[in-house]
Protein chains: 2
Amino acid sequence: MATRSARPKRATVHDVAVEAGVSRGTVSRYVNGERYVSASARDAIEAAIAKVGYVPNTAARNLVMQRTQAVGFIVHEPHSLFVEDPNIGEILLGANSRLSEADHQMAVLIVDSERDTDRVARYLSGGLVDGVIIVSARADDPITRVVERLHVPAAYVGHPPGAASTASFVVIDNRGAARAITERLAATGRRRIGMIAAALDRDSGADRLAGFREALGERFDETLVEPVPLYAYSSGRDGMRRLLERAPDLDGVFAASDAVAAGAIEALKAAGRRVPEDVGVVGFDDSAWARRTTPPLSTVRQPAAGLGAEAARLVLARLRGEEAPAETSLDCEVVWRESA
Amino acid sequence: MATRSARPKRATVHDVAVEAGVSRGTVSRYVNGERYVSASARDAIEAAIAKVGYVPNTAARNLVMQRTQAVGFIVHEPHSLFVEDPNIGEILLGANSRLSEADHQMAVLIVDSERDTDRVARYLSGGLVDGVIIVSARADDPITRVVERLHVPAAYVGHPPGAASTASFVVIDNRGAARAITERLAATGRRRIGMIAAALDRDSGADRLAGFREALGERFDETLVEPVPLYAYSSGRDGMRRLLERAPDLDGVFAASDAVAAGAIEALKAAGRRVPEDVGVVGFDDSAWARRTTPPLSTVRQPAAGLGAEAARLVLARLRGEEAPAETSLDCEVVWRESA
């Protein structure tokens with residue numbers, strides 16, 4: 001097996017100047033796009049740059065300009081969910097497209113532990129990005145405190161409790177959408193409707209439960225709510241098993257996300273229940289999961305890519321020094337298929 | 001709607017010095033961890049830092065140290081596939097864990113167009129990362145040229161044709177694994193075996209086709225190979241439809257990835273074929289797709305997280321100036337389930 005050694009030195013302005021036979025100052029003026037560089041000097045410098053393989057030291061220029069043209073995209077999720085949740089990918093790609101149009105580089109940073117939080121804090125304080133987009137932050141999230149302490153221009157997808165209003169927040173009406181899908185489920189004649197309520201430590205999770213409760217009004221039964229930690233398939237499957245044990249006569253389920261609903265449908269089938277004949281199931285997201293379940297899932301479509309794009313737009317506005325709204329809400333709609 | 005203005009100024013060394021009543025040089029010595037700072041000065045500086053909210057300018061220090069403690073993870077994929085392919089997520093998380101242990105920040109950079117390539121090149125030349133991990137690069141990929149030109153310490157997952165041996169490559173034996181799964185499929189008694197051959201512009205795609213061809217030897221029939229562009233569900237579904245039209249008597253299929261296999265199974269079912277009774281189907285990856293298909297997929301397990309972790313390990317070794325092997329190969333194994 002062949003082995004290779006480490007990084008060679010990069011060419012410097014000095015190397016270019018020597019090669020071109022001009023002063024370093026002249027090379028600097030050329031590199032920075034300033035005037036007062038003669039045509040002959042320009043030709044010599046361009047030839048020298050090509051020859052020595054010089055790349056302008058943008059890091060040094062960034063230090064003066066205090067700009068990197070990079071925006072961080074911070075995902076605070078357990079590793080496994082980052083792979084499983086198609087919504088995060090859609091939000092990420094929506095943000096990337098918008099930043100790309102504005103010629104900014106997106107750098108995705110994954111936070112999954114206390115240690116990750118400290119490291120991301122160091123990365124942000126190092127000025128390696130100009131601003132950040134934050135997805136799925138918790139109440140009183142340490143990342144939120146870091147961003148506030150460093151005064152990094154920020155936009156959140158969602159609105160975690162405890163985040164200061166110095167940032168922008170792009171949200172959906174989780175409560176209203178959860179109310180709408182629950183009412184639609186109830187209208188199919190279901191009488192014992194339960195909920196698999198995920199991620200109650202986040203605004204989205206807590207708001208979806210609140211909407212469910214509002215829709216059922218006096219028919220709301222606390223024993224039919226099964227809290228689970230994550231918006232994940234396994235959370236849905238395990239939660240549904242426990243809920244069925246407690247309430248075998250249940251005939252409707254609102255799962256807090258499509259991945260949760262897919263797990264719930266699996267558990268219902270394993271317990272010999274037919275979907276939708278015996279139990280109607282509805283989800284939330286309209287992610288790729290909704291089209292993978294059998295039968296296809298009735299759910300709420302949230303504009304995932306739109307949330308990412310809007311968060312990117314707001315960070316870019318802040319970077320230009322423009323005013324940005326504190327909170328922007330995007331619309332959702334009920335998509336009715338065959339699972340209820 | 002409340003509005004907020006842009007970023008306030010960060011506190012500087014000067015602010016700390018004024019607050020602490022010491023010189024800027026003393027503050028600098030403290031911040032850089034040097035000796036010759038008296039205990040009383042240290043106390044005053046610490047109190048001043050807390051009061052004015054000073055954060056040491058790591059960007060400036062990085063410029064001197066030429067280190068950011070950050071490593072780029074470049075994914076060259078169409079946007080849609082980034083969300084759909086669970087393998088990329090697994091590779092990414094494997095790399096993130098290893099970098100995290102070494103206290104390095106991973107920054108994921110997505111490349112999907114010419115424009116993205118130019119921007120990533122600028123980002124890399126700006127020194128915003130110390131090294132890079134590159135996934136799913138093509139033959140003569142522009143990103144490869146950029147990385148070589150800038151002499152960025154790099155490790156690839158896969159080994160794209162045209163990449164210089166100044167980088168490290170972490171690979172699997174795509175050809176051997178494709179041969180093994182095809183032989184296993186043939187051993188079930190199938191006589192007309194086709195292949196949906198994805199991504200022939202990459203080493204992985206071309207090598208899987210070569211292994212398929214080797215396994216069948218004289219029984220190899222070129223008309224039973226259907227080339228498709230991507231390792232994607234839709235590529236598998238559309239490719240299977242075309243292959244079935246051409247060869248309705250086909251009784252076995254090797255799909256170049258699990259997502260491709262899932263699409264192929266869907267198309268076979270839609271055409272009234274039973275899997276595995278009428279047509280045996282095998283995939284490649286053992287990703288989450290393999291457990292979502294009905295019946296569960298027979299496939300090749302590739303160590304996706306291990307590939308990412310090994311690539312990270314090699315970049316870190318290069319950053320420490322250690323020798324790193326040019327190519328490392330990780331093992332795969334056939335996983336036999338019910339689809340063939």
# chains A, B, ... in the order shown; residues from 1 in each chain; ligands from 1

$ select_by_dssp --residues "range 87-294 of chain B" --states "alpha helix (DSSP H)" --output "PyMOL selection string"
chain B and resi 87-101+114-125+142-150+174-186+203-216+233-246+258-270+289-292

$ write_last_selection --atoms "C-alpha atoms" --output "short mmCIF file (atom, residue, chain, number, x, y, z; two decimals), in the first residue's frame"
data_model
loop_
_atom_site.label_atom_id
_atom_site.label_comp_id
_atom_site.auth_asym_id
_atom_site.auth_seq_id
_atom_site.Cartn_x
_atom_site.Cartn_y
_atom_site.Cartn_z
CA ASN B 87 -26.36 5.45 2.94
CA ILE B 88 -25.15 9.01 2.64
CA GLY B 89 -26.65 9.80 6.03
CA GLU B 90 -24.91 6.80 7.58
CA ILE B 91 -21.54 7.71 6.06
CA LEU B 92 -22.03 11.28 7.26
CA LEU B 93 -22.84 10.23 10.81
CA GLY B 94 -19.93 7.79 10.92
CA ALA B 95 -17.58 10.61 9.92
CA ASN B 96 -19.19 13.04 12.37
CA SER B 97 -18.74 10.68 15.32
CA ARG B 98 -15.07 10.16 14.61
CA LEU B 99 -14.39 13.88 14.04
CA SER B 100 -16.34 14.72 17.18
CA GLU B 101 -14.17 12.37 19.26
CA GLU B 114 -21.58 23.93 -11.54
CA ARG B 115 -22.38 26.97 -9.46
CA ASP B 116 -22.12 24.96 -6.25
CA THR B 117 -18.71 23.70 -7.37
CA ASP B 118 -17.39 27.24 -7.82
CA ARG B 119 -18.74 28.31 -4.46
CA VAL B 120 -17.31 25.31 -2.61
CA ALA B 121 -13.97 26.03 -4.29
CA ARG B 122 -14.08 29.56 -2.92
CA TYR B 123 -15.05 28.26 0.50
CA LEU B 124 -12.14 25.83 0.54
CA SER B 125 -9.65 28.41 -0.69
CA PRO B 142 -14.40 19.45 -10.76
CA ILE B 143 -14.35 19.24 -6.94
CA THR B 144 -11.46 16.80 -7.18
CA ARG B 145 -9.50 19.30 -9.27
CA VAL B 146 -10.23 22.06 -6.77
CA VAL B 147 -9.07 19.96 -3.82
CA GLU B 148 -5.87 19.01 -5.64
CA ARG B 149 -5.12 22.55 -6.74
CA LEU B 150 -5.50 23.85 -3.18
CA ASN B 174 -17.90 -3.35 -5.27
CA ARG B 175 -16.92 -5.81 -7.96
CA GLY B 176 -16.35 -8.76 -5.63
CA ALA B 177 -19.54 -8.04 -3.65
CA ALA B 178 -21.64 -7.74 -6.85
CA ARG B 179 -20.18 -11.01 -8.07
CA ALA B 180 -21.03 -12.72 -4.76
CA ILE B 181 -24.68 -11.59 -4.64
CA THR B 182 -25.22 -12.44 -8.33
CA GLU B 183 -23.76 -15.93 -7.82
CA ARG B 184 -26.04 -16.42 -4.81
CA LEU B 185 -29.05 -15.33 -6.92
CA ALA B 186 -28.06 -17.68 -9.78
CA ASP B 203 -16.50 3.66 -9.84
CA SER B 204 -19.14 2.00 -7.67
CA GLY B 205 -21.68 1.71 -10.50
CA ALA B 206 -19.18 0.52 -13.11
CA ASP B 207 -17.64 -2.00 -10.69
CA ARG B 208 -21.00 -3.49 -9.70
CA LEU B 209 -21.80 -4.10 -13.37
CA ALA B 210 -18.38 -5.70 -13.88
CA GLY B 211 -18.97 -8.06 -10.93
CA PHE B 212 -22.41 -9.00 -12.29
CA ARG B 213 -20.90 -9.79 -15.67
CA GLU B 214 -18.12 -11.88 -14.12
CA ALA B 215 -20.56 -13.91 -12.03
CA LEU B 216 -22.67 -14.87 -15.06
CA TYR B 233 -36.24 4.49 -6.17
CA SER B 234 -37.62 6.17 -9.31
CA SER B 235 -34.65 4.96 -11.38
CA GLY B 236 -35.37 1.40 -10.24
CA ARG B 237 -39.08 1.63 -10.97
CA ASP B 238 -38.65 3.10 -14.46
CA GLY B 239 -35.72 0.84 -15.34
CA MET B 240 -37.62 -2.29 -14.29
CA ARG B 241 -40.58 -1.30 -16.48
CA ARG B 242 -38.33 -0.98 -19.53
CA LEU B 243 -36.47 -4.20 -18.76
CA LEU B 244 -39.72 -6.16 -18.36
CA GLU B 245 -41.00 -4.91 -21.71
CA ARG B 246 -37.81 -6.09 -23.38
CA ASP B 258 -31.53 -1.11 -2.29
CA ALA B 259 -33.47 2.02 -3.31
CA VAL B 260 -33.27 0.85 -6.93
CA ALA B 261 -34.44 -2.62 -5.81
CA ALA B 262 -37.40 -1.14 -3.92
CA GLY B 263 -38.50 0.68 -7.09
CA ALA B 264 -37.99 -2.48 -9.14
CA ILE B 265 -40.15 -4.55 -6.76
CA GLU B 266 -42.88 -1.92 -7.04
CA ALA B 267 -42.78 -2.12 -10.86
CA LEU B 268 -42.77 -5.93 -10.82
CA LYS B 269 -45.82 -6.03 -8.57
CA ALA B 270 -47.60 -3.47 -10.75
CA TRP B 289 -34.71 0.50 2.26
CA ALA B 290 -33.89 -3.21 2.60
CA ARG B 291 -36.18 -3.51 5.59
CA ARG B 292 -38.97 -1.38 4.11
#

$ residues_around --residues "Val71 in chain A" --least-positions-apart "6" --cutoff "10 Å" --atoms "only C-alpha atoms" --output "NGL selection string"
:A and (95-96 or 99 or 104-108 or 128-133 or 153-154 or 312 or 315-316)

$ select_by_dssp --residues "range 122-239 of chain A" --states "strand (DSSP E)" --output "ChimeraX atom specification"
/A:131-135,154-157,168-172,193-198,225-228

$ closest_residue --among "A:Arg190, A:Arg202, A:His151, A:Arg138" --to "chain B" --atoms "only C-alpha atoms"
A:His151

$ residues_around --residues "Pro161 in chain A" --least-positions-apart "2" --cutoff "10 Å" --atoms "only C-alpha atoms" --output "ChimeraX atom specification"
/A:137-141,158-159,163-164,201-203

$ atom_distance --atom1 "CA of Leu330 in chain A" --atom2 "CA of Arg301 in chain A"
11.1 Å

$ atom_distance --atom1 "CA of Ser23 in chain A" --atom2 "CA of Ser38 in chain A"
12.5 Å

$ atom_distance --atom1 "CA of Arg42 in chain A" --atom2 "CA of Thr26 in chain A"
9.0 Å

$ closest_residue --among "B:Ala326, B:Ala255, B:Ala20, B:Leu250" --to "Thr166 in chain B" --atoms "only C-alpha atoms"
B:Ala326

$ closest_residue --among "B:Gly162, B:Gly283, B:Pro325, B:Pro248" --to "chain A" --atoms "only C-alpha atoms"
B:Pro325

$ decode --residues "range 265-284 of chain A" --atoms "C-alpha atoms" --output "mmCIF file, in the first residue's frame"
data_model
loop_
_atom_site.group_PDB
_atom_site.id
_atom_site.type_symbol
_atom_site.label_atom_id
_atom_site.label_comp_id
_atom_site.auth_asym_id
_atom_site.auth_seq_id
_atom_site.Cartn_x
_atom_site.Cartn_y
_atom_site.Cartn_z
ATOM 1 C CA ILE A 265 -49.655 1.323 11.407
ATOM 2 C CA GLU A 266 -47.046 -1.437 11.665
ATOM 3 C CA ALA A 267 -47.967 -2.080 15.329
ATOM 4 C CA LEU A 268 -51.712 -2.031 14.550
ATOM 5 C CA LYS A 269 -51.270 -4.596 11.765
ATOM 6 C CA ALA A 270 -49.125 -6.781 14.021
ATOM 7 C CA ALA A 271 -51.984 -6.684 16.564
ATOM 8 C CA GLY A 272 -54.456 -7.824 13.883
ATOM 9 C CA ARG A 273 -56.164 -4.429 13.397
ATOM 10 C CA ARG A 274 -57.068 -3.318 9.868
ATOM 11 C CA VAL A 275 -56.272 0.265 8.785
ATOM 12 C CA PRO A 276 -58.560 2.123 8.142
ATOM 13 C CA GLU A 277 -61.444 -0.382 8.693
ATOM 14 C CA ASP A 278 -60.808 -0.961 12.421
ATOM 15 C CA VAL A 279 -58.622 2.030 13.243
ATOM 16 C CA GLY A 280 -58.216 5.256 11.268
ATOM 17 C CA VAL A 281 -54.693 6.716 11.400
ATOM 18 C CA VAL A 282 -53.571 10.244 10.492
ATOM 19 C CA GLY A 283 -50.079 11.764 10.571
ATOM 20 C CA PHE A 284 -48.339 15.109 10.228
#
